[in-house]
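S.K.: Contents of model-v7.cif (mmCIF, N, CA and C atoms) are below:
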data_target
#
loop_
_atom_site.label_atom_id
_atom_site.label_comp_id
_atom_site.auth_asym_id
_atom_site.auth_seq_id
_atom_site.Cartn_x
_atom_site.Cartn_y
_atom_site.Cartn_z
N MET A 1 -6.64 26.60 -29.07
CA MET A 1 -6.74 25.39 -28.31
C MET A 1 -5.49 25.21 -27.46
N LEU A 2 -5.68 24.86 -26.21
CA LEU A 2 -4.55 24.68 -25.31
C LEU A 2 -3.82 23.37 -25.59
N LYS A 3 -2.51 23.43 -25.46
CA LYS A 3 -1.71 22.22 -25.62
C LYS A 3 -1.84 21.37 -24.37
N PRO A 4 -1.75 20.05 -24.51
CA PRO A 4 -1.76 19.21 -23.31
C PRO A 4 -0.48 19.44 -22.51
N PRO A 5 -0.54 19.30 -21.20
CA PRO A 5 0.67 19.53 -20.40
C PRO A 5 1.76 18.50 -20.71
N ILE A 6 2.99 18.93 -20.56
CA ILE A 6 4.13 18.05 -20.75
C ILE A 6 4.43 17.39 -19.41
N THR A 7 4.36 16.07 -19.36
CA THR A 7 4.71 15.35 -18.15
C THR A 7 6.15 14.88 -18.28
N LEU A 8 6.99 15.40 -17.42
CA LEU A 8 8.43 15.20 -17.53
C LEU A 8 8.93 14.35 -16.36
N PRO A 9 9.22 13.06 -16.58
CA PRO A 9 9.80 12.26 -15.49
C PRO A 9 11.27 12.61 -15.33
N ILE A 10 11.64 13.10 -14.17
CA ILE A 10 13.00 13.56 -13.91
C ILE A 10 13.70 12.58 -12.97
N ALA A 11 14.90 12.15 -13.35
CA ALA A 11 15.72 11.26 -12.54
C ALA A 11 17.09 11.90 -12.35
N PRO A 12 17.81 11.55 -11.28
CA PRO A 12 19.17 12.07 -11.13
C PRO A 12 20.06 11.65 -12.29
N SER A 13 20.94 12.53 -12.72
CA SER A 13 21.75 12.31 -13.91
C SER A 13 23.10 11.69 -13.56
N SER A 14 23.46 10.65 -14.30
CA SER A 14 24.79 10.07 -14.11
C SER A 14 25.84 10.93 -14.81
N TYR A 15 25.45 11.71 -15.84
CA TYR A 15 26.38 12.65 -16.48
C TYR A 15 26.82 13.72 -15.48
N TRP A 16 25.86 14.22 -14.71
CA TRP A 16 26.17 15.23 -13.70
C TRP A 16 27.15 14.66 -12.69
N LEU A 17 26.88 13.43 -12.23
CA LEU A 17 27.75 12.81 -11.23
C LEU A 17 29.14 12.58 -11.80
N SER A 18 29.25 12.15 -13.05
CA SER A 18 30.55 11.92 -13.67
C SER A 18 31.35 13.21 -13.80
N ALA A 19 30.69 14.29 -14.23
CA ALA A 19 31.38 15.58 -14.38
C ALA A 19 31.90 16.08 -13.03
N HIS A 20 31.09 15.96 -12.00
CA HIS A 20 31.51 16.44 -10.69
C HIS A 20 32.57 15.53 -10.07
N CYS A 21 32.53 14.24 -10.36
CA CYS A 21 33.58 13.34 -9.88
C CYS A 21 34.93 13.67 -10.52
N CYS A 22 34.92 13.96 -11.81
CA CYS A 22 36.17 14.35 -12.49
C CYS A 22 36.74 15.64 -11.90
N PHE A 23 35.86 16.61 -11.65
CA PHE A 23 36.30 17.85 -11.02
C PHE A 23 36.86 17.58 -9.63
N PHE A 24 36.18 16.73 -8.87
CA PHE A 24 36.61 16.40 -7.52
C PHE A 24 37.96 15.69 -7.51
N ILE A 25 38.20 14.80 -8.47
CA ILE A 25 39.49 14.11 -8.55
C ILE A 25 40.61 15.11 -8.82
N GLY A 26 40.35 16.09 -9.67
CA GLY A 26 41.34 17.14 -9.91
C GLY A 26 41.64 17.96 -8.67
N VAL A 27 40.59 18.30 -7.91
CA VAL A 27 40.80 19.05 -6.66
C VAL A 27 41.56 18.20 -5.65
N ALA A 28 41.25 16.91 -5.58
CA ALA A 28 41.96 16.02 -4.64
C ALA A 28 43.44 15.91 -5.03
N ALA A 29 43.73 15.82 -6.33
CA ALA A 29 45.13 15.75 -6.76
C ALA A 29 45.88 17.03 -6.41
N LEU A 30 45.24 18.17 -6.63
CA LEU A 30 45.88 19.44 -6.26
C LEU A 30 46.08 19.56 -4.76
N SER A 31 45.13 19.05 -3.98
CA SER A 31 45.28 19.13 -2.52
C SER A 31 46.42 18.23 -2.04
N TYR A 32 46.62 17.09 -2.68
CA TYR A 32 47.75 16.22 -2.33
C TYR A 32 49.07 16.90 -2.68
N TRP A 33 49.09 17.54 -3.84
CA TRP A 33 50.31 18.22 -4.27
C TRP A 33 50.64 19.39 -3.34
N ALA A 34 49.59 20.11 -2.88
CA ALA A 34 49.82 21.28 -2.05
C ALA A 34 49.98 20.95 -0.56
N GLY A 35 49.28 19.93 -0.07
CA GLY A 35 49.29 19.72 1.38
C GLY A 35 49.66 18.35 1.86
N GLY A 36 49.82 17.38 0.99
CA GLY A 36 50.22 16.05 1.41
C GLY A 36 49.04 15.11 1.60
N ALA A 37 49.37 13.95 2.18
CA ALA A 37 48.40 12.85 2.30
C ALA A 37 47.27 13.19 3.26
N LEU A 38 47.54 13.89 4.34
CA LEU A 38 46.50 14.22 5.32
C LEU A 38 45.44 15.14 4.71
N VAL A 39 45.88 16.13 3.96
CA VAL A 39 44.95 17.04 3.28
C VAL A 39 44.17 16.28 2.21
N LEU A 40 44.82 15.35 1.51
CA LEU A 40 44.13 14.54 0.51
C LEU A 40 43.01 13.72 1.16
N MET A 41 43.29 13.10 2.30
CA MET A 41 42.25 12.30 2.98
C MET A 41 41.09 13.17 3.45
N LEU A 42 41.41 14.35 3.98
CA LEU A 42 40.37 15.26 4.45
C LEU A 42 39.50 15.75 3.29
N VAL A 43 40.13 16.17 2.21
CA VAL A 43 39.39 16.65 1.04
C VAL A 43 38.57 15.52 0.43
N SER A 44 39.14 14.32 0.38
CA SER A 44 38.42 13.17 -0.18
C SER A 44 37.18 12.83 0.64
N ALA A 45 37.31 12.83 1.96
CA ALA A 45 36.16 12.50 2.81
C ALA A 45 35.07 13.56 2.69
N LEU A 46 35.45 14.82 2.80
CA LEU A 46 34.45 15.90 2.73
C LEU A 46 33.82 15.99 1.34
N GLY A 47 34.63 15.85 0.31
CA GLY A 47 34.11 15.92 -1.06
C GLY A 47 33.21 14.75 -1.39
N GLY A 48 33.57 13.56 -0.95
CA GLY A 48 32.74 12.38 -1.18
C GLY A 48 31.38 12.50 -0.50
N ILE A 49 31.38 13.00 0.72
CA ILE A 49 30.11 13.21 1.44
C ILE A 49 29.27 14.26 0.73
N ALA A 50 29.89 15.34 0.31
CA ALA A 50 29.14 16.42 -0.37
C ALA A 50 28.57 15.93 -1.70
N LEU A 51 29.35 15.16 -2.47
CA LEU A 51 28.85 14.63 -3.75
C LEU A 51 27.68 13.66 -3.54
N TRP A 52 27.83 12.76 -2.59
CA TRP A 52 26.77 11.78 -2.34
C TRP A 52 25.48 12.47 -1.87
N ARG A 53 25.64 13.45 -1.01
CA ARG A 53 24.46 14.17 -0.50
C ARG A 53 23.76 14.95 -1.62
N ALA A 54 24.54 15.60 -2.47
CA ALA A 54 23.94 16.36 -3.59
C ALA A 54 23.26 15.42 -4.58
N TYR A 55 23.85 14.25 -4.82
CA TYR A 55 23.25 13.31 -5.77
C TYR A 55 21.96 12.70 -5.22
N THR A 56 21.94 12.36 -3.96
CA THR A 56 20.73 11.75 -3.40
C THR A 56 19.61 12.77 -3.18
N GLN A 57 19.95 14.04 -3.04
CA GLN A 57 18.92 15.06 -2.84
C GLN A 57 18.58 15.80 -4.14
N ALA A 58 19.05 15.30 -5.27
CA ALA A 58 18.71 15.91 -6.56
C ALA A 58 17.21 15.77 -6.80
N PRO A 59 16.59 16.76 -7.46
CA PRO A 59 15.16 16.67 -7.71
C PRO A 59 14.82 15.47 -8.58
N LYS A 60 13.77 14.75 -8.19
CA LYS A 60 13.32 13.62 -8.97
C LYS A 60 11.82 13.50 -8.80
N GLY A 61 11.17 12.94 -9.79
CA GLY A 61 9.73 12.79 -9.77
C GLY A 61 9.14 13.21 -11.10
N LEU A 62 7.85 13.49 -11.11
CA LEU A 62 7.16 13.91 -12.31
C LEU A 62 6.85 15.39 -12.23
N LEU A 63 7.24 16.13 -13.26
CA LEU A 63 6.96 17.55 -13.34
C LEU A 63 6.00 17.76 -14.51
N CYS A 64 4.84 18.35 -14.23
CA CYS A 64 3.85 18.63 -15.27
C CYS A 64 3.97 20.10 -15.66
N LEU A 65 4.33 20.37 -16.90
CA LEU A 65 4.50 21.73 -17.40
C LEU A 65 3.33 22.09 -18.31
N SER A 66 2.72 23.24 -18.05
CA SER A 66 1.63 23.71 -18.91
C SER A 66 1.92 25.16 -19.29
N SER A 67 1.59 25.49 -20.53
CA SER A 67 1.87 26.81 -21.05
C SER A 67 0.56 27.56 -21.24
N THR A 68 0.53 28.80 -20.74
CA THR A 68 -0.63 29.67 -20.95
C THR A 68 -0.11 30.99 -21.49
N GLY A 69 -0.16 31.16 -22.78
CA GLY A 69 0.32 32.40 -23.39
C GLY A 69 1.82 32.53 -23.26
N ALA A 70 2.26 33.61 -22.62
CA ALA A 70 3.69 33.89 -22.49
C ALA A 70 4.30 33.26 -21.25
N SER A 71 3.48 32.73 -20.34
CA SER A 71 4.04 32.18 -19.11
C SER A 71 3.87 30.66 -19.10
N CYS A 72 4.70 30.03 -18.29
CA CYS A 72 4.66 28.59 -18.14
C CYS A 72 4.55 28.27 -16.66
N HIS A 73 3.74 27.28 -16.34
CA HIS A 73 3.54 26.88 -14.94
C HIS A 73 3.85 25.41 -14.81
N GLY A 74 4.33 25.03 -13.65
CA GLY A 74 4.67 23.64 -13.41
C GLY A 74 4.13 23.17 -12.08
N ARG A 75 3.81 21.90 -12.03
CA ARG A 75 3.37 21.25 -10.80
C ARG A 75 4.13 19.95 -10.65
N TRP A 76 4.61 19.70 -9.43
CA TRP A 76 5.22 18.41 -9.12
C TRP A 76 4.11 17.42 -8.85
N LEU A 77 4.21 16.24 -9.41
CA LEU A 77 3.25 15.18 -9.15
C LEU A 77 3.72 14.47 -7.88
N LEU A 78 2.95 14.60 -6.83
CA LEU A 78 3.35 14.05 -5.54
C LEU A 78 3.21 12.54 -5.54
N PRO A 79 4.07 11.83 -4.84
CA PRO A 79 4.01 10.36 -4.82
C PRO A 79 2.82 9.85 -4.01
N PHE A 80 2.56 8.58 -4.16
CA PHE A 80 1.47 7.96 -3.42
C PHE A 80 1.72 8.05 -1.92
N ASP A 81 0.64 8.26 -1.19
CA ASP A 81 0.69 8.23 0.26
C ASP A 81 0.30 6.82 0.69
N PRO A 82 1.08 6.15 1.58
CA PRO A 82 0.73 4.79 1.96
C PRO A 82 -0.62 4.69 2.67
N GLU A 83 -1.11 5.79 3.22
CA GLU A 83 -2.40 5.80 3.91
C GLU A 83 -3.57 5.80 2.93
N GLN A 84 -3.34 6.21 1.69
CA GLN A 84 -4.42 6.30 0.71
C GLN A 84 -4.74 4.92 0.14
N PRO A 85 -5.98 4.72 -0.33
CA PRO A 85 -6.31 3.45 -0.99
C PRO A 85 -5.50 3.28 -2.27
N MET A 86 -5.33 2.04 -2.70
CA MET A 86 -4.50 1.72 -3.86
C MET A 86 -5.06 2.29 -5.16
N ASN A 87 -6.37 2.47 -5.28
CA ASN A 87 -6.94 2.92 -6.55
C ASN A 87 -6.95 4.44 -6.70
N SER A 88 -6.50 5.16 -5.70
CA SER A 88 -6.47 6.62 -5.83
C SER A 88 -5.22 7.05 -6.58
N ARG A 89 -5.34 8.13 -7.34
CA ARG A 89 -4.22 8.63 -8.12
C ARG A 89 -3.40 9.59 -7.28
N PRO A 90 -2.10 9.77 -7.62
CA PRO A 90 -1.31 10.75 -6.89
C PRO A 90 -1.84 12.16 -7.17
N SER A 91 -1.72 13.01 -6.18
CA SER A 91 -2.24 14.37 -6.32
C SER A 91 -1.16 15.29 -6.86
N LEU A 92 -1.61 16.40 -7.44
CA LEU A 92 -0.68 17.41 -7.93
C LEU A 92 -0.28 18.32 -6.80
N GLY A 93 0.95 18.75 -6.82
CA GLY A 93 1.44 19.67 -5.81
C GLY A 93 1.05 21.10 -6.15
N ASP A 94 1.65 22.03 -5.45
CA ASP A 94 1.38 23.45 -5.70
C ASP A 94 1.87 23.85 -7.09
N GLU A 95 1.21 24.86 -7.65
CA GLU A 95 1.59 25.36 -8.97
C GLU A 95 2.66 26.43 -8.80
N TYR A 96 3.72 26.32 -9.59
CA TYR A 96 4.83 27.27 -9.54
C TYR A 96 5.06 27.87 -10.91
N GLN A 97 5.56 29.07 -10.93
CA GLN A 97 6.00 29.71 -12.18
C GLN A 97 7.28 29.01 -12.61
N VAL A 98 7.37 28.65 -13.88
CA VAL A 98 8.56 27.99 -14.42
C VAL A 98 9.18 28.93 -15.44
N ARG A 99 10.49 29.13 -15.30
CA ARG A 99 11.18 29.92 -16.30
C ARG A 99 12.48 29.22 -16.67
N CYS A 100 12.85 29.39 -17.90
CA CYS A 100 14.06 28.77 -18.43
C CYS A 100 15.12 29.87 -18.58
N ASP A 101 16.26 29.68 -17.93
CA ASP A 101 17.31 30.69 -18.07
C ASP A 101 18.51 30.16 -18.85
N TYR A 102 18.52 28.86 -19.15
CA TYR A 102 19.57 28.33 -20.02
C TYR A 102 18.95 27.25 -20.89
N LEU A 103 19.10 27.40 -22.19
CA LEU A 103 18.57 26.43 -23.14
C LEU A 103 19.67 26.10 -24.14
N GLY A 104 20.38 25.03 -23.87
CA GLY A 104 21.48 24.63 -24.73
C GLY A 104 21.17 23.33 -25.44
N PRO A 105 22.10 22.88 -26.28
CA PRO A 105 21.86 21.65 -27.02
C PRO A 105 21.88 20.40 -26.13
N TRP A 106 22.60 20.45 -25.01
CA TRP A 106 22.68 19.29 -24.12
C TRP A 106 22.02 19.53 -22.78
N LEU A 107 21.94 20.76 -22.37
CA LEU A 107 21.54 21.08 -21.00
C LEU A 107 20.42 22.11 -21.00
N ILE A 108 19.46 21.94 -20.09
CA ILE A 108 18.37 22.90 -19.93
C ILE A 108 18.35 23.31 -18.47
N GLY A 109 18.36 24.60 -18.21
CA GLY A 109 18.29 25.11 -16.84
C GLY A 109 16.93 25.72 -16.57
N LEU A 110 16.22 25.18 -15.59
CA LEU A 110 14.88 25.65 -15.24
C LEU A 110 14.84 26.09 -13.80
N TYR A 111 14.02 27.10 -13.55
CA TYR A 111 13.65 27.46 -12.18
C TYR A 111 12.18 27.09 -12.03
N VAL A 112 11.86 26.20 -11.11
CA VAL A 112 10.49 25.84 -10.79
C VAL A 112 10.22 26.47 -9.43
N GLY A 113 9.56 27.63 -9.46
CA GLY A 113 9.44 28.41 -8.24
C GLY A 113 10.83 28.93 -7.88
N LYS A 114 11.34 28.55 -6.71
CA LYS A 114 12.69 28.93 -6.29
C LYS A 114 13.68 27.80 -6.44
N GLN A 115 13.21 26.63 -6.89
CA GLN A 115 14.07 25.46 -7.00
C GLN A 115 14.76 25.43 -8.36
N ARG A 116 16.05 25.18 -8.35
CA ARG A 116 16.86 25.11 -9.56
C ARG A 116 16.92 23.67 -10.05
N ILE A 117 16.62 23.45 -11.33
CA ILE A 117 16.67 22.12 -11.91
C ILE A 117 17.49 22.17 -13.19
N TRP A 118 18.47 21.28 -13.28
CA TRP A 118 19.24 21.12 -14.51
C TRP A 118 18.77 19.84 -15.16
N LEU A 119 18.34 19.92 -16.40
CA LEU A 119 17.90 18.75 -17.16
C LEU A 119 19.04 18.31 -18.08
N TRP A 120 19.70 17.22 -17.72
CA TRP A 120 20.77 16.65 -18.51
C TRP A 120 20.17 15.68 -19.51
N PRO A 121 20.92 15.25 -20.54
CA PRO A 121 20.36 14.35 -21.55
C PRO A 121 19.85 13.03 -20.99
N ASP A 122 20.41 12.56 -19.87
CA ASP A 122 19.97 11.28 -19.33
C ASP A 122 19.01 11.43 -18.14
N SER A 123 18.59 12.65 -17.84
CA SER A 123 17.70 12.84 -16.69
C SER A 123 16.22 12.76 -17.06
N ALA A 124 15.91 12.74 -18.35
CA ALA A 124 14.52 12.63 -18.82
C ALA A 124 14.54 12.01 -20.22
N PRO A 125 13.41 11.46 -20.68
CA PRO A 125 13.36 10.89 -22.04
C PRO A 125 13.61 11.95 -23.11
N PRO A 126 14.30 11.57 -24.19
CA PRO A 126 14.66 12.55 -25.23
C PRO A 126 13.46 13.26 -25.86
N GLU A 127 12.35 12.54 -26.09
CA GLU A 127 11.20 13.19 -26.71
C GLU A 127 10.58 14.23 -25.79
N ARG A 128 10.63 14.01 -24.49
CA ARG A 128 10.12 15.00 -23.52
C ARG A 128 11.03 16.22 -23.47
N LEU A 129 12.34 15.98 -23.51
CA LEU A 129 13.28 17.11 -23.52
C LEU A 129 13.10 17.95 -24.78
N ARG A 130 12.80 17.30 -25.90
CA ARG A 130 12.54 18.03 -27.14
C ARG A 130 11.29 18.90 -26.98
N GLU A 131 10.26 18.38 -26.34
CA GLU A 131 9.04 19.17 -26.11
C GLU A 131 9.32 20.37 -25.21
N VAL A 132 10.17 20.18 -24.20
CA VAL A 132 10.53 21.29 -23.31
C VAL A 132 11.31 22.35 -24.08
N ARG A 133 12.23 21.92 -24.95
CA ARG A 133 12.98 22.88 -25.78
C ARG A 133 12.05 23.68 -26.67
N GLN A 134 11.06 23.00 -27.27
CA GLN A 134 10.10 23.70 -28.12
C GLN A 134 9.24 24.66 -27.32
N LEU A 135 8.93 24.30 -26.08
CA LEU A 135 8.11 25.15 -25.23
C LEU A 135 8.83 26.45 -24.87
N PHE A 136 10.13 26.36 -24.59
CA PHE A 136 10.87 27.54 -24.14
C PHE A 136 11.67 28.24 -25.23
N HIS A 137 11.71 27.68 -26.43
CA HIS A 137 12.47 28.32 -27.51
C HIS A 137 11.77 29.58 -27.98
N ARG A 138 12.50 30.66 -28.06
CA ARG A 138 11.99 31.93 -28.57
C ARG A 138 12.68 32.21 -29.90
N PRO A 139 11.97 32.15 -31.01
CA PRO A 139 12.60 32.40 -32.32
C PRO A 139 13.22 33.79 -32.38
N GLY A 140 14.38 33.87 -33.01
CA GLY A 140 15.04 35.15 -33.18
C GLY A 140 15.97 35.53 -32.05
N ARG A 141 16.12 34.67 -31.06
CA ARG A 141 17.04 34.97 -29.96
C ARG A 141 18.39 34.42 -30.24
#
Rewrite the structure from the file as structure tokens, please.

M.R.:
Amino acid sequence: MLKPPITLPIAPSSYWLSAHCCFFIGVAALSYWAGGALVLMLVSALGGIALWRAYTQAPKGLLCLSSTGASCHGRWLLPFDPEQPMNSRPSLGDEYQVRCDYLGPWLIGLYVGKQRIWLWPDSAPPERLREVRQLFHRPGR
């Protein structure tokens, strides 16, 4: 019997943003020490823009994962189209091969097609992350 698909609501992670902000503050401090105030302002402006852009363009939405034997497939649940009637459901996107290349206690690294997704503890509900860990866990590894 096939398992029901795992519907994984993904949101941008504040843990990711905090870790990258700490790294960025260290780089800004080193740039001030090495080049002075002008280099600090330049690094701060460029780094702040890069962090904000990466955070706002982080993958978000619903990912439906289904397992068939040894392979796993995923589909993004596309958002509502304003042109569609209100009672219609959102459609599923294209189906992609999903593979897990990092499975840690706090972090899960997935490739959905060619897109890289990091699942942090606050980017999805804990029970869904547990289901994803069980889906990709290979005993004896």

S.K.: What does the structure give for the distance between atom CA of A:Cys64 and atom N of A:Pro5, in Å to one decimal?

M.R.: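 Distance between the two atoms: 7.4 Å.
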
S.K.: Among chain A, which residues does DSSP mark as strand (DSSP E or B) when it is run on the backbone? Keep the chain and numbering as in the structure and answer as a short mmCIF file (atom, residue, chain, number, x, y, z; two decimals) with N, CA and C atoms, in the coordinates of the input.

M.R.:
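See part07.cif below for the written result:
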data_model
loop_
_atom_site.label_atom_id
_atom_site.label_comp_id
_atom_site.auth_asym_id
_atom_site.auth_seq_id
_atom_site.Cartn_x
_atom_site.Cartn_y
_atom_site.Cartn_z
N ILE A 6 2.99 18.93 -20.56
CA ILE A 6 4.13 18.05 -20.75
C ILE A 6 4.43 17.39 -19.41
N THR A 7 4.36 16.07 -19.36
CA THR A 7 4.71 15.35 -18.15
C THR A 7 6.15 14.88 -18.28
N LEU A 8 6.99 15.40 -17.42
CA LEU A 8 8.43 15.20 -17.53
C LEU A 8 8.93 14.35 -16.36
N PRO A 9 9.22 13.06 -16.58
CA PRO A 9 9.80 12.26 -15.49
C PRO A 9 11.27 12.61 -15.33
N ILE A 10 11.64 13.10 -14.17
CA ILE A 10 13.00 13.56 -13.91
C ILE A 10 13.70 12.58 -12.97
N GLY A 61 11.17 12.94 -9.79
CA GLY A 61 9.73 12.79 -9.77
C GLY A 61 9.14 13.21 -11.10
N LEU A 62 7.85 13.49 -11.11
CA LEU A 62 7.16 13.91 -12.31
C LEU A 62 6.85 15.39 -12.23
N LEU A 63 7.24 16.13 -13.26
CA LEU A 63 6.96 17.55 -13.34
C LEU A 63 6.00 17.76 -14.51
N CYS A 64 4.84 18.35 -14.23
CA CYS A 64 3.85 18.63 -15.27
C CYS A 64 3.97 20.10 -15.66
N LEU A 65 4.33 20.37 -16.90
CA LEU A 65 4.50 21.73 -17.40
C LEU A 65 3.33 22.09 -18.31
N SER A 66 2.72 23.24 -18.05
CA SER A 66 1.63 23.71 -18.91
C SER A 66 1.92 25.16 -19.29
N SER A 67 1.59 25.49 -20.53
CA SER A 67 1.87 26.81 -21.05
C SER A 67 0.56 27.56 -21.24
N THR A 68 0.53 28.80 -20.74
CA THR A 68 -0.63 29.67 -20.95
C THR A 68 -0.11 30.99 -21.49
N SER A 71 3.48 32.73 -20.34
CA SER A 71 4.04 32.18 -19.11
C SER A 71 3.87 30.66 -19.10
N CYS A 72 4.70 30.03 -18.29
CA CYS A 72 4.66 28.59 -18.14
C CYS A 72 4.55 28.27 -16.66
N HIS A 73 3.74 27.28 -16.34
CA HIS A 73 3.54 26.88 -14.94
C HIS A 73 3.85 25.41 -14.81
N GLY A 74 4.33 25.03 -13.65
CA GLY A 74 4.67 23.64 -13.41
C GLY A 74 4.13 23.17 -12.08
N ARG A 75 3.81 21.90 -12.03
CA ARG A 75 3.37 21.25 -10.80
C ARG A 75 4.13 19.95 -10.65
N TRP A 76 4.61 19.70 -9.43
CA TRP A 76 5.22 18.41 -9.12
C TRP A 76 4.11 17.42 -8.85
N LEU A 77 4.21 16.24 -9.41
CA LEU A 77 3.25 15.18 -9.15
C LEU A 77 3.72 14.47 -7.88
N LEU A 92 -1.61 16.40 -7.44
CA LEU A 92 -0.68 17.41 -7.93
C LEU A 92 -0.28 18.32 -6.80
N GLY A 93 0.95 18.75 -6.82
CA GLY A 93 1.44 19.67 -5.81
C GLY A 93 1.05 21.10 -6.15
N ASP A 94 1.65 22.03 -5.45
CA ASP A 94 1.38 23.45 -5.70
C ASP A 94 1.87 23.85 -7.09
N GLU A 95 1.21 24.86 -7.65
CA GLU A 95 1.59 25.36 -8.97
C GLU A 95 2.66 26.43 -8.80
N TYR A 96 3.72 26.32 -9.59
CA TYR A 96 4.83 27.27 -9.54
C TYR A 96 5.06 27.87 -10.91
N GLN A 97 5.56 29.07 -10.93
CA GLN A 97 6.00 29.71 -12.18
C GLN A 97 7.28 29.01 -12.61
N VAL A 98 7.37 28.65 -13.88
CA VAL A 98 8.56 27.99 -14.42
C VAL A 98 9.18 28.93 -15.44
N ARG A 99 10.49 29.13 -15.30
CA ARG A 99 11.18 29.92 -16.30
C ARG A 99 12.48 29.22 -16.67
N CYS A 100 12.85 29.39 -17.90
CA CYS A 100 14.06 28.77 -18.43
C CYS A 100 15.12 29.87 -18.58
N ASP A 101 16.26 29.68 -17.93
CA ASP A 101 17.31 30.69 -18.07
C ASP A 101 18.51 30.16 -18.85
N TYR A 102 18.52 28.86 -19.15
CA TYR A 102 19.57 28.33 -20.02
C TYR A 102 18.95 27.25 -20.89
N LEU A 103 19.10 27.40 -22.19
CA LEU A 103 18.57 26.43 -23.14
C LEU A 103 19.67 26.10 -24.14
N ILE A 108 19.46 21.94 -20.09
CA ILE A 108 18.37 22.90 -19.93
C ILE A 108 18.35 23.31 -18.47
N GLY A 109 18.36 24.60 -18.21
CA GLY A 109 18.29 25.11 -16.84
C GLY A 109 16.93 25.72 -16.57
N LEU A 110 16.22 25.18 -15.59
CA LEU A 110 14.88 25.65 -15.24
C LEU A 110 14.84 26.09 -13.80
N TYR A 111 14.02 27.10 -13.55
CA TYR A 111 13.65 27.46 -12.18
C TYR A 111 12.18 27.09 -12.03
N VAL A 112 11.86 26.20 -11.11
CA VAL A 112 10.49 25.84 -10.79
C VAL A 112 10.22 26.47 -9.43
N GLN A 115 13.21 26.63 -6.89
CA GLN A 115 14.07 25.46 -7.00
C GLN A 115 14.76 25.43 -8.36
N ARG A 116 16.05 25.18 -8.35
CA ARG A 116 16.86 25.11 -9.56
C ARG A 116 16.92 23.67 -10.05
N ILE A 117 16.62 23.45 -11.33
CA ILE A 117 16.67 22.12 -11.91
C ILE A 117 17.49 22.17 -13.19
N TRP A 118 18.47 21.28 -13.28
CA TRP A 118 19.24 21.12 -14.51
C TRP A 118 18.77 19.84 -15.16
N LEU A 119 18.34 19.92 -16.40
CA LEU A 119 17.90 18.75 -17.16
C LEU A 119 19.04 18.31 -18.08
#

S.K.: What is the distance between atom C of A:Gln134 and atom N of A:Thr56, in Å to one decimal?

M.R.: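 If I compute the distance from atom C of A:Gln134 to atom N of A:Thr56, I get 29.3 Å.
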
S.K.: Let me make sure I understand: among A:Phe136, A:Trp76, A:Tyr111, A:Phe24, which one has the smallest atom-to-atom distance to A:Gly61 if we use only C-alpha atoms?

M.R.: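 Selected residue with least distance to A:Gly61: A:Trp76.
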
S.K.: Translate the PyMOL selection byres ((chain A and resi 62) around 6.5) into a concrete residue list for this structure, as a list in words.

M.R.: Thr7, Leu8, Pro9, Ile10, Lys60, Gly61, Leu63, Cys64, Arg75, Trp76 and Leu77 of chain A

S.K.: Taking 6 positions as the minimum chain separation for residues in the same chain, which residues sit within 10 Å of A:Val27 when counting only C-alpha atoms? Answer as a PyMOL selection string.

M.R.: chain A and resi 21+33+40+43-44+47

S.K.: Can you measure atom CA of A:Ile108 to atom N of A:Ile25 for me? One decimal in Å is fine.

M.R.: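 A separation of 24.3 Å between them.
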
S.K.: Counting only N, CA and C atoms, what is within 6.5 Å of A:Ala124, bar same-chain residues fewer than 2 positions away, as a list in words?

M.R.: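 Surrounding residues, per the criterion: Leu8, Pro9, Ile10, Ala11, Leu119, Trp120, Pro121, Asp122, Pro126, Glu127, Arg128 and Leu129 of chain A.
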
S.K.: Could you write out the selected residues, including N, CA and C atoms, as a tab-separated table (two decimals), in the frame of the given file?

M.R.:
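The new file part_37.tsv reads:
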chain	number	residue	atom	x	y	z
A	8	LEU	N	6.99	15.40	-17.42
A	8	LEU	CA	8.43	15.20	-17.53
A	8	LEU	C	8.93	14.35	-16.36
A	9	PRO	N	9.22	13.06	-16.58
A	9	PRO	CA	9.80	12.26	-15.49
A	9	PRO	C	11.27	12.61	-15.33
A	10	ILE	N	11.64	13.10	-14.17
A	10	ILE	CA	13.00	13.56	-13.91
A	10	ILE	C	13.70	12.58	-12.97
A	11	ALA	N	14.90	12.15	-13.35
A	11	ALA	CA	15.72	11.26	-12.54
A	11	ALA	C	17.09	11.90	-12.35
A	119	LEU	N	18.34	19.92	-16.40
A	119	LEU	CA	17.90	18.75	-17.16
A	119	LEU	C	19.04	18.31	-18.08
A	120	TRP	N	19.70	17.22	-17.72
A	120	TRP	CA	20.77	16.65	-18.51
A	120	TRP	C	20.17	15.68	-19.51
A	121	PRO	N	20.92	15.25	-20.54
A	121	PRO	CA	20.36	14.35	-21.55
A	121	PRO	C	19.85	13.03	-20.99
A	122	ASP	N	20.41	12.56	-19.87
A	122	ASP	CA	19.97	11.28	-19.33
A	122	ASP	C	19.01	11.43	-18.14
A	126	PRO	N	14.30	11.57	-24.19
A	126	PRO	CA	14.66	12.55	-25.23
A	126	PRO	C	13.46	13.26	-25.86
A	127	GLU	N	12.35	12.54	-26.09
A	127	GLU	CA	11.20	13.19	-26.71
A	127	GLU	C	10.58	14.23	-25.79
A	128	ARG	N	10.63	14.01	-24.49
A	128	ARG	CA	10.12	15.00	-23.52
A	128	ARG	C	11.03	16.22	-23.47
A	129	LEU	N	12.34	15.98	-23.51
A	129	LEU	CA	13.28	17.11	-23.52
A	129	LEU	C	13.10	17.95	-24.78

S.K.: Which one of A:Val112, A:Leu135, A:Leu51, A:Leu65 sits closest to A:Leu17 if you count only N, CA and C atoms?

M.R.: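 Looking at the shortest contact to A:Leu17, the residue is A:Leu51.
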
S.K.: A:Leu103, A:Leu110, A:Val98, A:Ala37: which is nearest A:His73, counting all atoms listed in the file?

M.R.: A:Val98

S.K.: Please put the answer as lines of an AutoDock Vina configuration file: centre and edge lengths, in Å with one decimal, of a box along x, y and z that encloses all listed atoms of stretch 3-13 of chain A plus 8 Å on each side.

M.R.:
center_x = 10.3
center_y = 17.3
center_z = -18.4
size_x = 41.6
size_y = 28.2
size_z = 30.5

S.K.: Out of A:Leu46, A:Arg133, A:Lys114, A:Leu38, which residue has the shortest atom-to-atom distance to A:Tyr102 when counting only C-alpha atoms?

M.R.: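 Among A:Leu46, A:Arg133, A:Lys114, A:Leu38, it is A:Arg133 that comes nearest to A:Tyr102.
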